[in-house]
Amino acid sequence: MGLTIGVDIGGTKIAAGVVDEEGNILSTFKVPTPTTPEAIVDAIASAVEGARAGHEIVGVGIGAAGYVNRQRSTVYFAPNIDWRQEPLKEKVEARVDLPVVVENDANAAAWGEYKFGAGKGHRNVICITLGTGLGGGIIIGNKLRRGHYGVAAEFGHIRMVPDGLLCGCGSQGCWEQYASGRALVRYAKQRANATPENAELLLSLGDGTPEGIEGKHISMAARQGDPVAVDSYRELARWAGAGLADLASLFDPSAFIVGGGLSEEGELVLDPIRKSYKRWLVGGNWRPVADVIAAQLGNKAGLVGAADLAREPDPIM
């Protein structure tokens, strides 16, 4: 099918990369992320043109954080960009003169992991991304499942706690309020404020106050056994594992692939997630239990997945 370009729209930069059929990135080009919708379209086109230099390209896949329609063309709604019913495919195609498909960024990352990373050899996997928020993707029967309207797998907004914490989506008690990077920082601040004597190392890595705790401090402190940092990871894992147990009841995958920035902590986060998952899995002592494994592609997954999804007219059911 030839070479395609994947585009990853981040908060500070837009990255475009030429990807071959084996998932290898041959070249990349990055530009700063502008603040206005039209400027972002121009920046995407600029990144694509920069990456394609010297390559014969057959298509472009764009990973966008937002709700994308079934036809992979329009962004219904994006939380961090002022896109409302944005015809992104049409606009980018007009600038780059190549076929373009638009995909939700978490779906693109899930597809990348399934095809070229931790999901190789599996037919049925559920991917979750534990980052600032919580996202995911569904691959069942070797196909990316996006639902009738294209907006399935918004796992972060499953309501875990009735009338719980207010979420940025406007609802309350969403899963990502309890299992995400933001949740981890909240847990650590609360615990450090309640028992500062158990957070001496953690506090010393910031400005000495609970308010100064950042995600990187929690990671560093937990690796060195700081009680509050370790307990904060366990609390996050408790909620993450409980959510996976619910997803297992829905989809019965052979594996859960955990990606996003928090997955880079390895067994520090994965081991307690596995324990919580099995604890809450209905019939967990008597049934097969899906593997919970770390993603392998890191921050390349979305770009590689978007590029691969651009190779087929409509590989999605």
# chains A, B, ... in the order shown; residues from 1 in each chain; ligands from 1

call {"tool": "residues_around", "arguments": {"residues": "Gly147 in chain A", "least_positions_apart": "5", "cutoff": "12 Å", "atoms": "only C-alpha atoms", "output": "list of chain:residue names"}}
result
A:Tyr67, A:Val68, A:Asn69, A:Arg70, A:Gln71, A:Asn107, A:Gly137, A:Ile138, A:Ile139, A:Ile140, A:Ala152, A:Ala153, A:Glu154, A:Ile316, A:Met317

call {"tool": "residues_around", "arguments": {"residues": "range 225-238 of chain A", "least_positions_apart": "5", "cutoff": "9 Å", "atoms": "only C-alpha atoms", "output": "ChimeraX atom specification"}}
result
/A:178-181,183-188,191-192,195-196,198-202,217-220,243,268-277

call {"tool": "write_last_selection", "arguments": {"atoms": "C-alpha atoms", "output": "PDB file, in the first residue's frame"}}
result
ATOM      1  CA  TYR A 178     -10.128   8.584  39.911  1.00  0.00           C
ATOM      2  CA  ALA A 179      -7.605   6.923  37.579  1.00  0.00           C
ATOM      3  CA  SER A 180      -5.406   9.451  35.768  1.00  0.00           C
ATOM      4  CA  GLY A 181      -2.386  11.655  36.230  1.00  0.00           C
ATOM      5  CA  ALA A 183      -6.076  11.968  40.144  1.00  0.00           C
ATOM      6  CA  LEU A 184      -2.626  10.752  41.206  1.00  0.00           C
ATOM      7  CA  VAL A 185      -1.493  14.290  42.007  1.00  0.00           C
ATOM      8  CA  ARG A 186      -4.702  14.928  43.947  1.00  0.00           C
ATOM      9  CA  TYR A 187      -4.212  11.770  46.014  1.00  0.00           C
ATOM     10  CA  ALA A 188      -0.633  12.704  46.832  1.00  0.00           C
ATOM     11  CA  ARG A 191      -2.177  12.460  51.777  1.00  0.00           C
ATOM     12  CA  ALA A 192       0.819  14.745  52.173  1.00  0.00           C
ATOM     13  CA  THR A 195       0.324  13.063  57.141  1.00  0.00           C
ATOM     14  CA  PRO A 196       3.333  15.195  56.151  1.00  0.00           C
ATOM     15  CA  ASN A 198       4.987  10.178  55.799  1.00  0.00           C
ATOM     16  CA  ALA A 199       5.825  12.374  52.815  1.00  0.00           C
ATOM     17  CA  GLU A 200       9.176  13.858  53.738  1.00  0.00           C
ATOM     18  CA  LEU A 201      10.937  12.758  50.566  1.00  0.00           C
ATOM     19  CA  LEU A 202       7.984  13.630  48.354  1.00  0.00           C
ATOM     20  CA  HIS A 217       7.840  14.183  42.148  1.00  0.00           C
ATOM     21  CA  ILE A 218       5.430  11.352  42.965  1.00  0.00           C
ATOM     22  CA  SER A 219       7.166   9.034  40.521  1.00  0.00           C
ATOM     23  CA  MET A 220      10.643   9.798  41.882  1.00  0.00           C
ATOM     24  CA  GLY A 243     -12.646  -0.186  35.844  1.00  0.00           C
ATOM     25  CA  LEU A 268       5.016   0.211  40.162  1.00  0.00           C
ATOM     26  CA  VAL A 269       1.598   0.832  38.650  1.00  0.00           C
ATOM     27  CA  LEU A 270       0.880  -2.380  36.692  1.00  0.00           C
ATOM     28  CA  ASP A 271       1.234  -4.851  39.567  1.00  0.00           C
ATOM     29  CA  PRO A 272      -1.352  -3.147  41.816  1.00  0.00           C
ATOM     30  CA  ILE A 273      -3.652  -2.658  38.813  1.00  0.00           C
ATOM     31  CA  ARG A 274      -3.546  -6.422  38.150  1.00  0.00           C
ATOM     32  CA  LYS A 275      -4.342  -7.158  41.789  1.00  0.00           C
ATOM     33  CA  SER A 276      -7.265  -4.738  41.846  1.00  0.00           C
ATOM     34  CA  TYR A 277      -8.539  -6.029  38.506  1.00  0.00           C
TER      35      TYR A 277
END

call {"tool": "select_by_dssp", "arguments": {"residues": "range 48-169 of chain A", "states": "helix (DSSP H, G or I)", "output": "ChimeraX atom specification"}}
result
/A:48-52,88-96,105-116,155-157

call {"tool": "residues_around", "arguments": {"residues": "range 256-265 of chain A", "least_positions_apart": "6", "cutoff": "7 Å", "atoms": "only C-alpha atoms", "output": "VMD selection string"}}
result
chain A and resid 118 125 to 131 181 290 to 295

call {"tool": "residues_around", "arguments": {"residues": "Ser171 in chain A", "least_positions_apart": "5", "cutoff": "9 Å", "atoms": "only C-alpha atoms", "output": "short mmCIF file (atom, residue, chain, number, x, y, z; two decimals) with C-alpha atoms, in the first residue's frame"}}
result
data_model
loop_
_atom_site.label_atom_id
_atom_site.label_comp_id
_atom_site.auth_asym_id
_atom_site.auth_seq_id
_atom_site.Cartn_x
_atom_site.Cartn_y
_atom_site.Cartn_z
CA HIS A 157 -16.23 9.28 31.07
CA ARG A 159 -19.46 7.22 35.63
CA ASP A 163 -22.68 12.27 42.07
CA GLY A 164 -18.90 12.02 42.44
CA LEU A 165 -16.18 14.48 41.55
CA LEU A 166 -16.99 17.05 38.87
#

call {"tool": "residues_around", "arguments": {"residues": "Glu93 in chain A", "least_positions_apart": "5", "cutoff": "10 Å", "atoms": "only C-alpha atoms", "output": "list in words"}}
result
Ala45, Gly59, Val60, Leu88, Leu98, Pro99, Val100 and Val101 of chain A

call {"tool": "write_last_selection", "arguments": {"atoms": "all heavy atoms", "output": "short mmCIF file (atom, residue, chain, number, x, y, z; two decimals), in the first residue's frame"}}
result
data_model
loop_
_atom_site.label_atom_id
_atom_site.label_comp_id
_atom_site.auth_asym_id
_atom_site.auth_seq_id
_atom_site.Cartn_x
_atom_site.Cartn_y
_atom_site.Cartn_z
N ALA A 45 -0.95 20.98 7.97
CA ALA A 45 -0.49 20.94 6.58
C ALA A 45 1.01 21.17 6.49
O ALA A 45 1.71 20.51 5.73
CB ALA A 45 -1.25 21.97 5.76
N GLY A 59 -1.27 8.59 1.65
CA GLY A 59 -2.37 9.03 2.48
C GLY A 59 -1.88 9.58 3.80
O GLY A 59 -0.72 9.41 4.19
N VAL A 60 -2.80 10.24 4.52
CA VAL A 60 -2.49 10.87 5.80
C VAL A 60 -3.54 10.46 6.82
O VAL A 60 -4.75 10.47 6.53
CB VAL A 60 -2.47 12.41 5.68
CG1 VAL A 60 -2.25 13.07 7.04
CG2 VAL A 60 -1.41 12.86 4.68
N LEU A 88 -12.46 18.52 9.38
CA LEU A 88 -11.00 18.52 9.35
C LEU A 88 -10.43 17.81 8.13
O LEU A 88 -9.46 18.27 7.52
CB LEU A 88 -10.48 17.86 10.64
CG LEU A 88 -8.97 17.98 10.90
CD1 LEU A 88 -8.53 19.43 10.95
CD2 LEU A 88 -8.62 17.26 12.21
N LEU A 98 -3.70 15.15 -0.61
CA LEU A 98 -3.57 13.72 -0.35
C LEU A 98 -4.85 13.25 0.34
O LEU A 98 -5.51 14.05 1.01
CB LEU A 98 -2.38 13.44 0.59
CG LEU A 98 -0.98 13.53 0.03
CD1 LEU A 98 0.04 13.52 1.17
CD2 LEU A 98 -0.70 12.38 -0.93
N PRO A 99 -5.20 11.96 0.21
CA PRO A 99 -6.34 11.44 0.97
C PRO A 99 -6.05 11.52 2.46
O PRO A 99 -4.96 11.18 2.92
CB PRO A 99 -6.46 9.98 0.50
CG PRO A 99 -5.69 9.91 -0.77
CD PRO A 99 -4.61 10.93 -0.67
N VAL A 100 -7.05 11.95 3.24
CA VAL A 100 -6.88 12.13 4.68
C VAL A 100 -7.98 11.39 5.42
O VAL A 100 -9.15 11.40 4.99
CB VAL A 100 -6.92 13.64 5.05
CG1 VAL A 100 -6.97 13.83 6.56
CG2 VAL A 100 -5.73 14.37 4.45
N VAL A 101 -7.63 10.73 6.51
CA VAL A 101 -8.62 10.21 7.44
C VAL A 101 -8.34 10.81 8.82
O VAL A 101 -7.19 11.06 9.17
CB VAL A 101 -8.63 8.67 7.52
CG1 VAL A 101 -8.98 8.06 6.19
CG2 VAL A 101 -7.31 8.13 8.04
#

call {"tool": "residues_around", "arguments": {"residues": "Arg84 in chain A", "least_positions_apart": "2", "cutoff": "10 Å", "atoms": "only C-alpha atoms", "output": "ChimeraX atom specification"}}
result
/A:37,66-67,74-79,81-82,86-87

call {"tool": "closest_residue", "arguments": {"among": "A:Arg311, A:Arg52, A:Arg146, A:Lys13", "to": "Val96 in chain A", "atoms": "only C-alpha atoms"}}
result
A:Arg52

call {"tool": "closest_residue", "arguments": {"among": "A:Glu113, A:Ile57, A:Gly156, A:Lys300", "to": "Cys174 in chain A", "atoms": "only C-alpha atoms"}}
result
A:Gly156

call {"tool": "residues_around", "arguments": {"residues": "Glu21 in chain A", "least_positions_apart": "4", "cutoff": "9 Å", "atoms": "only C-alpha atoms", "output": "list in words"}}
result
Met1, Gly2, Leu3, Thr4, Asp308 and Arg311 of chain A

call {"tool": "closest_residue", "arguments": {"among": "A:Gly50, A:Gly11, A:Gly61, A:Gly302", "to": "Tyr114 in chain A", "atoms": "only C-alpha atoms"}}
result
A:Gly302

call {"tool": "atom_distance", "arguments": {"atom1": "CA of Gln85 in chain A", "atom2": "CA of Leu309 in chain A"}}
result
21.5 Å

call {"tool": "atom_distance", "arguments": {"atom1": "CA of Gly136 in chain A", "atom2": "CA of Ile14 in chain A"}}
result
20.6 Å

call {"tool": "select_by_dssp", "arguments": {"residues": "range 42-136 of chain A", "states": "strand (DSSP E or B)", "output": "PyMOL selection string"}}
result
chain A and resi 57-64+67-68+75-77+84-86+100-104+125-130+134-136
